[in-house]
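Content type compact mmCIF, N, CA and C atoms, from the file final-v6.txt:
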# COMPACT_ATOMS: atom_id res chain seq x y z
N THR A 535 -46.42 -0.16 72.45
CA THR A 535 -46.15 -1.56 72.14
C THR A 535 -46.46 -2.41 73.37
N SER A 536 -47.24 -3.44 73.15
CA SER A 536 -47.58 -4.31 74.27
C SER A 536 -46.55 -5.43 74.34
N GLN A 537 -46.05 -5.64 75.53
CA GLN A 537 -45.02 -6.65 75.70
C GLN A 537 -45.61 -7.83 76.45
N ARG A 538 -45.34 -9.02 75.94
CA ARG A 538 -45.86 -10.23 76.56
C ARG A 538 -44.70 -11.09 77.05
N PRO A 539 -44.36 -10.96 78.33
CA PRO A 539 -43.30 -11.82 78.86
C PRO A 539 -43.82 -13.23 79.09
N ALA A 540 -42.96 -14.08 79.52
CA ALA A 540 -43.35 -15.46 79.84
C ALA A 540 -44.45 -15.45 80.89
N PRO A 541 -45.37 -16.42 80.82
CA PRO A 541 -46.42 -16.49 81.82
C PRO A 541 -45.83 -16.58 83.23
N GLY A 542 -46.48 -15.91 84.17
CA GLY A 542 -46.01 -15.97 85.54
C GLY A 542 -45.06 -14.85 85.91
N ILE A 543 -44.63 -14.05 84.92
CA ILE A 543 -43.76 -12.91 85.22
C ILE A 543 -44.66 -11.73 85.56
N PRO A 544 -44.44 -11.10 86.73
CA PRO A 544 -45.27 -9.96 87.11
C PRO A 544 -45.13 -8.81 86.11
N GLY A 545 -46.08 -7.92 86.11
CA GLY A 545 -46.03 -6.75 85.23
C GLY A 545 -44.97 -5.77 85.68
N PRO A 546 -44.66 -4.77 84.82
CA PRO A 546 -43.59 -3.84 85.12
C PRO A 546 -43.82 -3.02 86.40
N MET A 547 -45.05 -2.60 86.64
CA MET A 547 -45.31 -1.81 87.86
C MET A 547 -45.15 -2.67 89.11
N THR A 548 -45.56 -3.92 89.04
CA THR A 548 -45.41 -4.82 90.18
C THR A 548 -43.93 -5.04 90.48
N LEU A 549 -43.14 -5.28 89.44
CA LEU A 549 -41.71 -5.47 89.61
C LEU A 549 -41.05 -4.20 90.15
N PHE A 550 -41.47 -3.06 89.63
CA PHE A 550 -40.88 -1.80 90.08
C PHE A 550 -41.22 -1.54 91.54
N THR A 551 -42.49 -1.74 91.89
CA THR A 551 -42.94 -1.51 93.27
C THR A 551 -42.22 -2.44 94.25
N SER A 552 -42.09 -3.71 93.89
CA SER A 552 -41.40 -4.64 94.80
C SER A 552 -39.91 -4.30 94.89
N GLY A 553 -39.33 -3.84 93.80
CA GLY A 553 -37.94 -3.41 93.83
C GLY A 553 -37.74 -2.21 94.74
N MET A 554 -38.65 -1.24 94.66
CA MET A 554 -38.55 -0.05 95.52
C MET A 554 -38.73 -0.42 96.98
N GLU A 555 -39.65 -1.32 97.25
CA GLU A 555 -39.87 -1.76 98.63
C GLU A 555 -38.62 -2.44 99.20
N ALA A 556 -38.01 -3.30 98.40
CA ALA A 556 -36.77 -3.98 98.83
C ALA A 556 -35.65 -2.96 99.05
N LEU A 557 -35.57 -1.97 98.17
CA LEU A 557 -34.55 -0.93 98.30
C LEU A 557 -34.73 -0.17 99.61
N ARG A 558 -35.97 0.20 99.91
CA ARG A 558 -36.27 0.93 101.15
C ARG A 558 -35.91 0.11 102.38
N GLN A 559 -36.06 -1.21 102.27
CA GLN A 559 -35.79 -2.09 103.42
C GLN A 559 -34.32 -2.46 103.51
N GLY A 560 -33.50 -2.00 102.54
CA GLY A 560 -32.08 -2.32 102.58
C GLY A 560 -31.75 -3.68 102.00
N SER A 561 -32.71 -4.29 101.30
CA SER A 561 -32.46 -5.60 100.64
C SER A 561 -32.01 -5.31 99.20
N TYR A 562 -30.75 -4.89 99.09
CA TYR A 562 -30.28 -4.37 97.80
C TYR A 562 -30.22 -5.42 96.70
N ARG A 563 -29.82 -6.63 97.03
CA ARG A 563 -29.74 -7.69 96.02
C ARG A 563 -31.15 -8.02 95.52
N THR A 564 -32.11 -8.11 96.44
CA THR A 564 -33.50 -8.38 96.06
C THR A 564 -34.04 -7.25 95.19
N ALA A 565 -33.71 -6.03 95.56
CA ALA A 565 -34.16 -4.87 94.78
C ALA A 565 -33.60 -4.95 93.36
N ARG A 566 -32.30 -5.20 93.26
CA ARG A 566 -31.67 -5.29 91.94
C ARG A 566 -32.30 -6.40 91.12
N SER A 567 -32.62 -7.51 91.76
CA SER A 567 -33.24 -8.63 91.06
C SER A 567 -34.58 -8.22 90.45
N SER A 568 -35.40 -7.50 91.21
CA SER A 568 -36.70 -7.04 90.69
C SER A 568 -36.51 -6.06 89.53
N PHE A 569 -35.60 -5.10 89.73
CA PHE A 569 -35.37 -4.12 88.66
C PHE A 569 -34.77 -4.78 87.42
N ASP A 570 -33.84 -5.71 87.62
CA ASP A 570 -33.25 -6.42 86.48
C ASP A 570 -34.30 -7.22 85.71
N GLN A 571 -35.21 -7.85 86.46
CA GLN A 571 -36.27 -8.61 85.79
C GLN A 571 -37.17 -7.67 84.98
N LEU A 572 -37.45 -6.50 85.52
CA LEU A 572 -38.25 -5.51 84.79
C LEU A 572 -37.50 -5.12 83.51
N LEU A 573 -36.21 -4.84 83.63
CA LEU A 573 -35.43 -4.41 82.46
C LEU A 573 -35.31 -5.50 81.41
N THR A 574 -35.25 -6.75 81.84
CA THR A 574 -35.16 -7.88 80.91
C THR A 574 -36.51 -8.17 80.26
N SER A 575 -37.56 -8.19 81.07
CA SER A 575 -38.88 -8.57 80.56
C SER A 575 -39.61 -7.43 79.86
N TYR A 576 -39.34 -6.20 80.28
CA TYR A 576 -40.04 -5.03 79.74
C TYR A 576 -39.05 -3.92 79.40
N PRO A 577 -38.14 -4.16 78.45
CA PRO A 577 -37.06 -3.19 78.19
C PRO A 577 -37.56 -1.82 77.72
N THR A 578 -38.76 -1.75 77.18
CA THR A 578 -39.28 -0.45 76.71
C THR A 578 -40.34 0.12 77.64
N SER A 579 -40.45 -0.45 78.82
CA SER A 579 -41.42 0.04 79.80
C SER A 579 -41.14 1.48 80.20
N ASP A 580 -42.19 2.18 80.58
CA ASP A 580 -42.04 3.55 81.07
C ASP A 580 -41.15 3.60 82.32
N GLN A 581 -41.07 2.50 83.05
CA GLN A 581 -40.28 2.45 84.28
C GLN A 581 -38.83 2.02 84.04
N ALA A 582 -38.45 1.71 82.80
CA ALA A 582 -37.13 1.14 82.54
C ALA A 582 -35.99 2.07 82.98
N SER A 583 -36.05 3.34 82.61
CA SER A 583 -34.93 4.23 82.97
C SER A 583 -34.83 4.43 84.48
N LEU A 584 -35.98 4.52 85.14
CA LEU A 584 -35.97 4.67 86.60
C LEU A 584 -35.50 3.39 87.28
N ALA A 585 -35.90 2.25 86.75
CA ALA A 585 -35.44 0.97 87.30
C ALA A 585 -33.92 0.86 87.15
N GLN A 586 -33.40 1.28 86.00
CA GLN A 586 -31.96 1.24 85.78
C GLN A 586 -31.24 2.14 86.78
N LEU A 587 -31.79 3.34 87.01
CA LEU A 587 -31.21 4.26 87.98
C LEU A 587 -31.19 3.63 89.38
N ARG A 588 -32.27 2.97 89.74
CA ARG A 588 -32.37 2.37 91.07
C ARG A 588 -31.40 1.18 91.23
N VAL A 589 -31.08 0.49 90.13
CA VAL A 589 -30.05 -0.55 90.20
C VAL A 589 -28.73 0.10 90.63
N GLY A 590 -28.41 1.24 90.03
CA GLY A 590 -27.21 1.98 90.42
C GLY A 590 -27.25 2.39 91.88
N ASP A 591 -28.41 2.87 92.33
CA ASP A 591 -28.56 3.28 93.73
C ASP A 591 -28.35 2.10 94.68
N ALA A 592 -28.84 0.93 94.28
CA ALA A 592 -28.68 -0.27 95.12
C ALA A 592 -27.20 -0.63 95.24
N TYR A 593 -26.48 -0.58 94.11
CA TYR A 593 -25.04 -0.85 94.16
C TYR A 593 -24.33 0.18 95.05
N LYS A 594 -24.71 1.44 94.89
CA LYS A 594 -24.07 2.50 95.69
C LYS A 594 -24.32 2.26 97.18
N SER A 595 -25.55 1.89 97.53
CA SER A 595 -25.90 1.65 98.92
C SER A 595 -25.10 0.48 99.51
N GLU A 596 -24.74 -0.46 98.65
CA GLU A 596 -23.93 -1.60 99.08
C GLU A 596 -22.45 -1.25 99.17
N GLY A 597 -22.09 -0.08 98.68
CA GLY A 597 -20.70 0.32 98.69
C GLY A 597 -19.94 -0.12 97.45
N ASN A 598 -20.66 -0.64 96.46
CA ASN A 598 -20.03 -1.07 95.21
C ASN A 598 -20.06 0.11 94.23
N THR A 599 -19.15 1.07 94.44
CA THR A 599 -19.18 2.29 93.66
C THR A 599 -18.79 2.07 92.19
N THR A 600 -17.97 1.07 91.93
CA THR A 600 -17.58 0.78 90.54
C THR A 600 -18.81 0.34 89.74
N ALA A 601 -19.60 -0.58 90.31
CA ALA A 601 -20.81 -1.04 89.63
C ALA A 601 -21.82 0.10 89.52
N ALA A 602 -21.96 0.89 90.59
CA ALA A 602 -22.90 2.02 90.56
C ALA A 602 -22.52 2.99 89.45
N ASP A 603 -21.23 3.30 89.37
CA ASP A 603 -20.73 4.22 88.34
C ASP A 603 -21.10 3.71 86.94
N SER A 604 -20.88 2.41 86.70
CA SER A 604 -21.20 1.83 85.39
C SER A 604 -22.69 1.93 85.08
N VAL A 605 -23.52 1.66 86.08
CA VAL A 605 -24.97 1.70 85.85
C VAL A 605 -25.45 3.13 85.62
N TYR A 606 -24.93 4.08 86.38
CA TYR A 606 -25.32 5.48 86.16
C TYR A 606 -24.93 5.93 84.74
N GLN A 607 -23.80 5.44 84.27
CA GLN A 607 -23.36 5.76 82.92
C GLN A 607 -24.34 5.18 81.89
N ILE A 608 -24.83 3.98 82.14
CA ILE A 608 -25.81 3.34 81.24
C ILE A 608 -27.08 4.18 81.16
N VAL A 609 -27.56 4.65 82.31
CA VAL A 609 -28.80 5.45 82.33
C VAL A 609 -28.65 6.67 81.43
N ALA A 610 -27.55 7.41 81.61
CA ALA A 610 -27.35 8.64 80.84
C ALA A 610 -27.17 8.36 79.35
N THR A 611 -26.60 7.21 79.01
CA THR A 611 -26.33 6.86 77.62
C THR A 611 -27.56 6.25 76.94
N LYS A 612 -28.20 5.30 77.62
CA LYS A 612 -29.31 4.56 77.03
C LYS A 612 -30.64 5.33 77.07
N TYR A 613 -30.78 6.21 78.07
CA TYR A 613 -32.04 6.96 78.23
C TYR A 613 -31.76 8.46 78.33
N PRO A 614 -31.09 9.05 77.33
CA PRO A 614 -30.66 10.45 77.45
C PRO A 614 -31.82 11.45 77.57
N LYS A 615 -33.00 11.08 77.09
CA LYS A 615 -34.13 12.01 77.14
C LYS A 615 -35.02 11.78 78.36
N SER A 616 -34.66 10.80 79.18
CA SER A 616 -35.48 10.50 80.36
C SER A 616 -35.20 11.49 81.48
N PRO A 617 -36.17 11.66 82.39
CA PRO A 617 -35.93 12.53 83.55
C PRO A 617 -34.82 11.98 84.46
N GLU A 618 -34.49 10.71 84.31
CA GLU A 618 -33.46 10.09 85.15
C GLU A 618 -32.04 10.38 84.66
N ALA A 619 -31.88 10.81 83.42
CA ALA A 619 -30.54 11.05 82.87
C ALA A 619 -29.76 12.09 83.68
N PRO A 620 -30.34 13.28 83.96
CA PRO A 620 -29.56 14.23 84.76
C PRO A 620 -29.28 13.73 86.17
N THR A 621 -30.21 12.99 86.75
CA THR A 621 -30.00 12.42 88.08
C THR A 621 -28.83 11.45 88.05
N ALA A 622 -28.79 10.62 87.01
CA ALA A 622 -27.71 9.64 86.87
C ALA A 622 -26.37 10.35 86.69
N LEU A 623 -26.35 11.41 85.89
CA LEU A 623 -25.10 12.15 85.69
C LEU A 623 -24.64 12.78 87.00
N TYR A 624 -25.56 13.36 87.75
CA TYR A 624 -25.18 13.95 89.03
C TYR A 624 -24.66 12.88 90.00
N SER A 625 -25.38 11.76 90.06
CA SER A 625 -24.97 10.67 90.95
C SER A 625 -23.58 10.18 90.57
N ARG A 626 -23.34 10.06 89.28
CA ARG A 626 -22.04 9.60 88.79
C ARG A 626 -20.96 10.63 89.10
N GLY A 627 -21.26 11.90 88.84
CA GLY A 627 -20.29 12.95 89.12
C GLY A 627 -19.94 13.00 90.60
N ARG A 628 -20.93 12.84 91.44
CA ARG A 628 -20.70 12.87 92.89
C ARG A 628 -19.85 11.67 93.34
N LEU A 629 -20.15 10.49 92.78
CA LEU A 629 -19.33 9.31 93.10
C LEU A 629 -17.87 9.55 92.74
N LEU A 630 -17.65 10.08 91.54
CA LEU A 630 -16.28 10.34 91.09
C LEU A 630 -15.61 11.39 91.98
N TRP A 631 -16.37 12.42 92.33
CA TRP A 631 -15.85 13.50 93.18
C TRP A 631 -15.40 12.92 94.52
N GLU A 632 -16.28 12.10 95.12
CA GLU A 632 -15.98 11.52 96.43
C GLU A 632 -14.84 10.50 96.35
N ALA A 633 -14.60 9.95 95.16
CA ALA A 633 -13.49 9.00 94.98
C ALA A 633 -12.20 9.75 94.64
N ASN A 634 -12.28 11.09 94.73
CA ASN A 634 -11.12 11.95 94.46
C ASN A 634 -10.68 11.89 93.00
N LYS A 635 -11.64 11.62 92.12
CA LYS A 635 -11.39 11.65 90.68
C LYS A 635 -12.03 12.94 90.16
N ARG A 636 -11.48 14.07 90.62
CA ARG A 636 -12.09 15.37 90.37
C ARG A 636 -12.14 15.74 88.89
N GLY A 637 -11.11 15.38 88.15
CA GLY A 637 -11.09 15.70 86.72
C GLY A 637 -12.23 15.02 85.98
N GLU A 638 -12.40 13.72 86.23
CA GLU A 638 -13.51 12.98 85.61
C GLU A 638 -14.85 13.53 86.09
N ALA A 639 -14.93 13.83 87.39
CA ALA A 639 -16.17 14.36 87.95
C ALA A 639 -16.56 15.66 87.27
N ARG A 640 -15.57 16.55 87.06
CA ARG A 640 -15.85 17.84 86.42
C ARG A 640 -16.44 17.65 85.02
N VAL A 641 -15.88 16.69 84.27
CA VAL A 641 -16.37 16.42 82.91
C VAL A 641 -17.85 16.00 82.97
N VAL A 642 -18.17 15.08 83.88
CA VAL A 642 -19.54 14.57 84.01
C VAL A 642 -20.48 15.68 84.48
N LEU A 643 -20.08 16.43 85.49
CA LEU A 643 -20.94 17.49 86.03
C LEU A 643 -21.13 18.62 85.02
N ASN A 644 -20.09 18.97 84.28
CA ASN A 644 -20.24 20.00 83.25
C ASN A 644 -21.14 19.53 82.11
N ARG A 645 -21.10 18.25 81.81
CA ARG A 645 -22.01 17.69 80.79
C ARG A 645 -23.45 17.82 81.27
N LEU A 646 -23.69 17.52 82.55
CA LEU A 646 -25.03 17.67 83.13
C LEU A 646 -25.50 19.12 82.98
N ILE A 647 -24.64 20.08 83.35
CA ILE A 647 -25.00 21.50 83.29
C ILE A 647 -25.27 21.93 81.85
N ARG A 648 -24.45 21.45 80.91
CA ARG A 648 -24.58 21.82 79.49
C ARG A 648 -25.81 21.17 78.84
N ASP A 649 -25.97 19.84 79.06
CA ASP A 649 -27.01 19.10 78.34
C ASP A 649 -28.40 19.20 78.98
N TYR A 650 -28.45 19.49 80.28
CA TYR A 650 -29.73 19.52 80.99
C TYR A 650 -29.83 20.80 81.83
N PRO A 651 -29.79 21.97 81.16
CA PRO A 651 -29.72 23.24 81.90
C PRO A 651 -30.90 23.50 82.84
N ASN A 652 -32.03 22.86 82.58
CA ASN A 652 -33.22 23.09 83.42
C ASN A 652 -33.43 22.02 84.48
N ALA A 653 -32.51 21.07 84.57
CA ALA A 653 -32.66 19.98 85.54
C ALA A 653 -32.44 20.49 86.96
N ASP A 654 -33.16 19.87 87.89
CA ASP A 654 -33.02 20.23 89.30
C ASP A 654 -31.59 20.03 89.80
N GLU A 655 -30.88 19.08 89.21
CA GLU A 655 -29.54 18.73 89.67
C GLU A 655 -28.47 19.74 89.27
N VAL A 656 -28.81 20.69 88.40
CA VAL A 656 -27.81 21.66 87.93
C VAL A 656 -27.22 22.47 89.09
N ASP A 657 -28.08 22.96 89.98
CA ASP A 657 -27.57 23.75 91.12
C ASP A 657 -26.68 22.89 92.01
N LEU A 658 -27.07 21.63 92.22
CA LEU A 658 -26.25 20.72 93.02
C LEU A 658 -24.88 20.53 92.37
N ALA A 659 -24.89 20.35 91.05
CA ALA A 659 -23.64 20.15 90.32
C ALA A 659 -22.76 21.40 90.42
N LYS A 660 -23.36 22.58 90.25
CA LYS A 660 -22.59 23.83 90.33
C LYS A 660 -21.99 24.00 91.72
N ASN A 661 -22.77 23.68 92.75
CA ASN A 661 -22.26 23.80 94.12
C ASN A 661 -21.10 22.84 94.37
N LEU A 662 -21.22 21.63 93.84
CA LEU A 662 -20.15 20.65 94.01
C LEU A 662 -18.87 21.13 93.31
N LEU A 663 -19.03 21.70 92.12
CA LEU A 663 -17.88 22.19 91.35
C LEU A 663 -17.18 23.36 92.03
N LYS A 664 -17.90 24.08 92.90
CA LYS A 664 -17.30 25.22 93.61
C LYS A 664 -16.43 24.78 94.78
N GLN A 665 -16.61 23.53 95.21
CA GLN A 665 -15.83 23.05 96.37
C GLN A 665 -14.35 22.93 96.00
N PRO A 666 -13.48 23.20 96.97
CA PRO A 666 -12.04 23.11 96.69
C PRO A 666 -11.60 21.66 96.50
Just give me the structure as C-alpha cells.
Amino acid sequence: TSQRPAPGIPGPMTLFTSGMEALRQGSYRTARSSFDQLLTSYPTSDQASLAQLRVGDAYKSEGNTTAADSVYQIVATKYPKSPEAPTALYSRGRLLWEANKRGEARVVLNRLIRDYPNADEVDLAKNLLKQP
C-alpha cells in the first residue's frame, strides 16, 4: 500500500534515519519526534515496529522507565510477528526486573521464552530468570 502523507513530510526511511542519528547523539526528544512522525505518517511502514521500539529506547535512555515500559508493551502487542516483539519483551522484562518487580518480570520473560523460542533474546531472558 502506498501512503501519501502531507506534502513536505519526509519519507519513512528519512524519518527513521534521522531518528536513529538523534538517538545516537543523545537527543532523545528529537529522536522520539522523528519516530513519532514516522508512526503517524506511515503507520504501516516496514520501519514502524522498529521505530516504536526506538521510542521506548529513547524514553529508557532518558530515565523515563514508566513511558519506556508502556511503549515496549505496545510493540509486543501491536507488532507481535515483527522481529522487534521479542526485543521489546526482553527490554520490558529487564526494566521490570531492575525495578524490583520480579513477579511481573517473570511473566513477561516467560512469555518471551514461550512465544518466541528461536529469538536471540531467549538466552538473555533465561539467564536473567536464573538470577537470585
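Counting from atom CA of A:Arg566, the distance to atom CA of A:Arg588 is 7.7 Å.
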Contact residues around A:Ala610 with only C-alpha atoms at 12 Å, ignoring same-chain residues under 3 positions, as a VMD selection string
chain A and resid 583 to 584 586 to 587 590 603 to 607 613 to 627 642 645 to 646 649 to 650
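Picture a line from atom C of A:Gly637 to atom C of A:Lys612; it runs 22.6 Å.
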If you run DSSP on this backbone, which residues of chain A come out as helix (DSSP H, G or I), and could you give them as a ChimeraX atom specification?
/A:546-558,562-575,582-596,599-612,618-632,636-649,655-664
Would you kindly return, as a ChimeraX atom specification, each protein, DNA or RNA residue with an atom no farther than 7 Å from any atom of stretch 538-554 of chain A, considering only N, CA and C atoms and excluding same-chain residues fewer than 2 positions away?
/A:536,556-559,564-569,571-572,575-576,579,581,585
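The space separating atom C of A:Ala601 from atom N of A:Val589 comes to 9.3 Å.
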As an mmCIF file, keeping the file's coordinate frame, please: stretch 632-655 of chain A completed to N, CA, C and O atoms.
data_model
loop_
_atom_site.group_PDB
_atom_site.id
_atom_site.type_symbol
_atom_site.label_atom_id
_atom_site.label_comp_id
_atom_site.auth_asym_id
_atom_site.auth_seq_id
_atom_site.Cartn_x
_atom_site.Cartn_y
_atom_site.Cartn_z
ATOM 1 N N GLU A 632 -16.280 12.100 95.120
ATOM 2 C CA GLU A 632 -15.980 11.520 96.430
ATOM 3 C C GLU A 632 -14.840 10.500 96.350
ATOM 4 O O GLU A 632 -14.170 10.254 97.352
ATOM 5 N N ALA A 633 -14.600 9.950 95.160
ATOM 6 C CA ALA A 633 -13.490 9.000 94.980
ATOM 7 C C ALA A 633 -12.200 9.750 94.640
ATOM 8 O O ALA A 633 -11.197 9.138 94.284
ATOM 9 N N ASN A 634 -12.280 11.090 94.730
ATOM 10 C CA ASN A 634 -11.120 11.950 94.460
ATOM 11 C C ASN A 634 -10.680 11.890 93.000
ATOM 12 O O ASN A 634 -9.507 12.059 92.680
ATOM 13 N N LYS A 635 -11.640 11.620 92.120
ATOM 14 C CA LYS A 635 -11.390 11.650 90.680
ATOM 15 C C LYS A 635 -12.030 12.940 90.160
ATOM 16 O O LYS A 635 -12.987 12.919 89.374
ATOM 17 N N ARG A 636 -11.480 14.070 90.620
ATOM 18 C CA ARG A 636 -12.090 15.370 90.370
ATOM 19 C C ARG A 636 -12.140 15.740 88.890
ATOM 20 O O ARG A 636 -13.099 16.334 88.430
ATOM 21 N N GLY A 637 -11.110 15.380 88.150
ATOM 22 C CA GLY A 637 -11.090 15.700 86.720
ATOM 23 C C GLY A 637 -12.230 15.020 85.980
ATOM 24 O O GLY A 637 -12.973 15.660 85.223
ATOM 25 N N GLU A 638 -12.400 13.720 86.230
ATOM 26 C CA GLU A 638 -13.510 12.980 85.610
ATOM 27 C C GLU A 638 -14.850 13.530 86.090
ATOM 28 O O GLU A 638 -15.792 13.662 85.308
ATOM 29 N N ALA A 639 -14.930 13.830 87.390
ATOM 30 C CA ALA A 639 -16.170 14.360 87.950
ATOM 31 C C ALA A 639 -16.560 15.660 87.270
ATOM 32 O O ALA A 639 -17.727 15.870 86.931
ATOM 33 N N ARG A 640 -15.570 16.550 87.060
ATOM 34 C CA ARG A 640 -15.850 17.840 86.420
ATOM 35 C C ARG A 640 -16.440 17.650 85.020
ATOM 36 O O ARG A 640 -17.366 18.350 84.631
ATOM 37 N N VAL A 641 -15.880 16.690 84.270
ATOM 38 C CA VAL A 641 -16.370 16.420 82.910
ATOM 39 C C VAL A 641 -17.850 16.000 82.970
ATOM 40 O O VAL A 641 -18.686 16.513 82.224
ATOM 41 N N VAL A 642 -18.170 15.080 83.880
ATOM 42 C CA VAL A 642 -19.540 14.570 84.010
ATOM 43 C C VAL A 642 -20.480 15.680 84.480
ATOM 44 O O VAL A 642 -21.574 15.856 83.914
ATOM 45 N N LEU A 643 -20.080 16.430 85.490
ATOM 46 C CA LEU A 643 -20.940 17.490 86.030
ATOM 47 C C LEU A 643 -21.130 18.620 85.020
ATOM 48 O O LEU A 643 -22.244 19.161 84.900
ATOM 49 N N ASN A 644 -20.090 18.970 84.280
ATOM 50 C CA ASN A 644 -20.240 20.000 83.250
ATOM 51 C C ASN A 644 -21.140 19.530 82.110
ATOM 52 O O ASN A 644 -21.883 20.325 81.540
ATOM 53 N N ARG A 645 -21.100 18.250 81.810
ATOM 54 C CA ARG A 645 -22.010 17.690 80.790
ATOM 55 C C ARG A 645 -23.450 17.820 81.270
ATOM 56 O O ARG A 645 -24.349 18.192 80.503
ATOM 57 N N LEU A 646 -23.690 17.520 82.550
ATOM 58 C CA LEU A 646 -25.030 17.670 83.130
ATOM 59 C C LEU A 646 -25.500 19.120 82.980
ATOM 60 O O LEU A 646 -26.611 19.369 82.492
ATOM 61 N N ILE A 647 -24.640 20.080 83.350
ATOM 62 C CA ILE A 647 -25.000 21.500 83.290
ATOM 63 C C ILE A 647 -25.270 21.930 81.850
ATOM 64 O O ILE A 647 -26.226 22.652 81.570
ATOM 65 N N ARG A 648 -24.450 21.450 80.910
ATOM 66 C CA ARG A 648 -24.580 21.820 79.490
ATOM 67 C C ARG A 648 -25.810 21.170 78.840
ATOM 68 O O ARG A 648 -26.577 21.832 78.149
ATOM 69 N N ASP A 649 -25.970 19.840 79.060
ATOM 70 C CA ASP A 649 -27.010 19.100 78.340
ATOM 71 C C ASP A 649 -28.400 19.200 78.980
ATOM 72 O O ASP A 649 -29.401 18.955 78.318
ATOM 73 N N TYR A 650 -28.450 19.490 80.280
ATOM 74 C CA TYR A 650 -29.730 19.520 80.990
ATOM 75 C C TYR A 650 -29.830 20.800 81.830
ATOM 76 O O TYR A 650 -29.944 20.750 83.053
ATOM 77 N N PRO A 651 -29.790 21.970 81.160
ATOM 78 C CA PRO A 651 -29.720 23.240 81.900
ATOM 79 C C PRO A 651 -30.900 23.500 82.840
ATOM 80 O O PRO A 651 -30.771 24.260 83.789
ATOM 81 N N ASN A 652 -32.030 22.860 82.580
ATOM 82 C CA ASN A 652 -33.220 23.090 83.420
ATOM 83 C C ASN A 652 -33.430 22.020 84.480
ATOM 84 O O ASN A 652 -34.416 22.056 85.212
ATOM 85 N N ALA A 653 -32.510 21.070 84.570
ATOM 86 C CA ALA A 653 -32.660 19.980 85.540
ATOM 87 C C ALA A 653 -32.440 20.490 86.960
ATOM 88 O O ALA A 653 -31.649 21.398 87.199
ATOM 89 N N ASP A 654 -33.160 19.870 87.890
ATOM 90 C CA ASP A 654 -33.020 20.230 89.300
ATOM 91 C C ASP A 654 -31.590 20.030 89.800
ATOM 92 O O ASP A 654 -31.142 20.727 90.708
ATOM 93 N N GLU A 655 -30.880 19.080 89.210
ATOM 94 C CA GLU A 655 -29.540 18.730 89.670
ATOM 95 C C GLU A 655 -28.470 19.740 89.270
ATOM 96 O O GLU A 655 -27.335 19.671 89.761
#
